[in-house]
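Chemist: Can you read through this structure? Questions will come right after.
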There are 2 protein chains.
Amino acid sequence: MRQSQLFTKTRREAPADEASKNAQLLIRAGYINKEMAGVYDYLPLGLRVLKKIENIIREEMNAIGGQEILMSSLQRPELWDKTQRWENSNVDSWFKTKLKDGADLGLAFTHEEPISNMLGQFVSSYKNLPFSVYQFQNKFRNEARAKSGIMRAREFVMKDMYSFCANYDEHRMFYEKAEEAYKRIFDKVGIGDLTYLTYASGGSFSEVSHEFQTITPAGEDTIFIREEKDYAVNKEIFDDEWKKKLNMDKFREEKAIEVGNIFNLGTKFSEALGLMYKELDGSNKPVWMGSYGIGLGRLMGTIVEVLSDEKGIVWPESVAPFKYHIVEIMSEKPEVRETAERVYKMLGENVLYDDRDLRAGEKFADADLLGMPYQIIVSEKTVAENKVELKNRGSGETGLVDENSLK
Amino acid sequence: MRQSQLFTKTRREAPADEASKNAQLLIRAGYINKEMAGVYDYLPLGLRVLKKIENIIREEMNAIGGQEILMSSLQRPELWDKTQRWENSNVDSWFKTKLKDGADLGLAFTHEEPISNMLGQFVSSYKNLPFSVYQFQNKFRNEARAKSGIMRAREFVMKDMYSFCANYDEHRMFYEKAEEAYKRIFDKVGIGDLTYLTYASGGSFSEVSHEFQTITPAGEDTIFIREEKDYAVNKEIFDDEWKKKLNMDKFREEKAIEVGNIFNLGTKFSEALGLMYKELDGSNKPVWMGSYGIGLGRLMGTIVEVLSDEKGIVWPESVAPFKYHIVEIMSEKPEVRETAERVYKMLGENVLYDDRDLRAGEKFADADLLGMPYQIIVSEKTVAENKVELKNRGSGETGLVDENSLK
């Protein structure tokens, strides 16, 4: 894409009311726009990142057999009354609204109830199990405070997967596949090294849940990491009993953000919503459920928090809006533009081309702020040597290379 | 995909409260689920159709230079007060809700106000114009009645594009490109022959707007088509003056559904929201805007209304969940399964394979209801001739073909 055509521009300052590093950088770079606290628009470059994250997750969900659906945001109270999750005294994050006839509706903050209810028409026998469904769906949560940028939004796209099994053993098998898929996702988006499978409270669901926590000072949680590094425990459950249970003699304390979670739901929702199946012996049993969430905006915000530097964002190639950023240093010599145009055409969809009539300093500052993994600098100097300069945004390494080596 | 793995099943009857043909067929075929009147979930096959429609539209929007974004559903009243569109007395389709501190919020039914406001930070000069942005975004409309299935939903994915030009002439040039893009979209999804560019009321926007109306008895509008067939006029504005103006001596009356619209917004929103630019002569002028909408669910519902038959849905290849549906007629002879499996593997992603242990009659009924464009029947009879039977769902034509000819 030609940068002269992109309607967004970078800016020096983030809005005064924006306290979080992720939103400050993303707003300054023109990736997102702030509608209000906790509510953000995704602009062209930001949406490209979000879609790349979505596709990485989709690939992994499909690989473990997930079937993609799209549930509604608007929800009837009846289904949520069955699990006592309609009343504000039990769930305090509802946004509620009304139909014209005065009937109450809610905006879904999750989908266990409607999905269990919907599946009642399709599940009848053990032969229908196991299976799993997932969606990328816009969730609403009426957060009292929203100060973490896109890491804790009032409206956000979430990937929520739900699994449906005959019993606990079958559930465990799927659960382990999902855990591995999650690890691959966090590896692929570039935060695998900083992300720990973490034992946490099961909330209203179960005794314990698994979170994936990524170490960052911007995190809202505190975790205790076992030195051998294979897992951590959330402070909320970290007592002597858990220490003993997990054999944690040595551990280090870190701030971290929850980038994913996995809940063993058991039969809580299937019993309440009547999602039953007939066993081989003819008996009726409730389906064993699990749920598996990743907030896409939160993941994007976390990547920015942990991988940016003082100059701006540093995207991993897997989620960068573009792999390459051509920085053309304006010149009277036609060969400079010709070379930049030729490289732009050669690289196709995967390149942002700064063809704007701006000073070199401004272009470099923008390229660093925007954070494409590789900058391709085309100037009189490089053209004289019949080369282009390739710069790695993350490491800062540069070198003159043959343009054809970029293919 | 193996049909035995698909969690949805077909059903004989639609819910008693579902009056529309499109939703009846889509529910019976397991494409959608009804949450409540006017609110539907998209199940795996339905979501595949929706995504194919989305991709067709995206391709055309990109081709005319549109930049994709994603705006929030949650909206602050302040922006809508500036155009008098917050008060229920002026706009009666709001769903409204509240933040915890009691502040009012609305769920967007369109995005002229926030998009004009957001662009204020990026547009300053005539050099920034023209450009256009679009999104696939979940809209909310508090419809008093919702009896047309997915053709008039209370929550639905809409493609809304907005154009930003320096003046009316520049606007006209973009407007015409958008009109052509819309025609290509309706052609590609298979309803081009039944769809007319229609003069209609501009609503609160302008004197006149352009609608794309598709002829169907399920339509909520009445249009008068000029016999030469190049355009129509909506009954709402069809008076003697319009007849004369458009030189319509002969016309025929039809029921039709609005599948797309184009509004010349002029400077109504840019003036109200302060979206100004500096002209070459240094003067400040409001940006000239247009908006261009297509409801994806409505388009999908319209395709079902106009292309289905008494046996079920007939998808055009461009939007079908799968191009092929393999119907394996169960047999003791291993060659039948072997052939079906071989063809399934050969055709890859683009085939639904009915590998279920069911009678032939049930499989045929399901294949006709689901509506893939081509059925591939594999039976003892076809295997004996070293062929498969290829059936065109729309025309009913069948013939024995070599399996390799399907590649």
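FYI, nothing fancy with the structure tokens labels: chains A, B, ... in order, residues from 1 per chain, ligands from 1 as they appear.
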Quick one: residues within 8 Å of Ile294 of chain A, only C-alpha atoms, excluding same-chain residues fewer than 3 positions away - as a list in words?
Modeler: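 Answer for this query is Met158, Lys159, Asp160, Val259, Gly260, Asn261 and Leu299 of chain A.
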Chemist: Show me, as a VMD selection string, the residues of chain B whose atoms get within 6 Å of chain A, using only C-alpha atoms for the distance check.
Modeler: chain B and resid 8 41 to 44 68 to 72 96 to 97 122
Chemist: Which residue out of A:Glu310, A:Glu317, A:Asp187, A:Asp221 has the minimum interatomic distance to Val351 of chain A when only C-alpha atoms are used?
Modeler: A:Glu317
Chemist: Which residue is closest to Ala14 of chain B? Choose from B:Leu307, B:Gly149, B:Leu273, B:Leu50 and count only C-alpha atoms.
Modeler: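 Closest candidate: B:Gly149.
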Chemist: Taking 2 positions as the minimum chain separation for residues in the same chain, which residues sit within 7 Å of segment 333-339 of chain B when counting only C-alpha atoms? Answer as number ranges by chain.
Modeler: B: 331, 341-343, 378-380, 383
Chemist: Take the residues from that selection and put them in a file with C-alpha atoms, as a PDB file, in the first residue's frame.
Modeler:
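Written file, out-v2.pdb:
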```pdb
ATOM      1  CA  SER B 331     -23.186 -50.306   0.330  1.00  0.00           C
ATOM      2  CA  GLU B 341     -13.237 -41.108  -0.016  1.00  0.00           C
ATOM      3  CA  ARG B 342     -10.985 -40.713  -3.048  1.00  0.00           C
ATOM      4  CA  VAL B 343     -13.221 -38.045  -4.593  1.00  0.00           C
ATOM      5  CA  VAL B 378     -21.470 -42.485  -5.510  1.00  0.00           C
ATOM      6  CA  SER B 379     -23.313 -45.818  -5.503  1.00  0.00           C
ATOM      7  CA  GLU B 380     -22.855 -49.466  -6.476  1.00  0.00           C
ATOM      8  CA  VAL B 383     -18.936 -47.654  -9.280  1.00  0.00           C
TER       9      VAL B 383
END
```
Chemist: Pick from B:Lys311, B:Lys407, B:Lys391, B:Arg184: nearest to Arg12 of chain B, with only C-alpha atoms counted?
Modeler: B:Lys311
Chemist: For atom CA of Glu113 of chain B and atom CA of Ile57 of chain B, determine how far apart the two atoms are, in Å to one decimal place.
Modeler: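 We find that atom CA of Glu113 of chain B and atom CA of Ile57 of chain B lie 23.3 Å from each other.
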Chemist: Go ahead and compute the interatomic distance for atom CA of Val157 of chain B and atom CA of Thr302 of chain B, in Å to one decimal.
Modeler: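 That distance, rounded to one decimal, is 14.7 Å.
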Chemist: For Tyr231 of chain B, list every protein, DNA or RNA residue within 7 Å, evaluated using only C-alpha atoms, and leave out those in the same chain fewer than 5 positions away; present the list as a VMD selection string.
Modeler: chain B and resid 196 to 198 225 to 226
Chemist: How many Å separate atom CA of Glu228 of chain B from atom CA of Ile64 of chain B?
Modeler: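 About the pair atom CA of Glu228 of chain B and atom CA of Ile64 of chain B: they are 28.3 Å apart.
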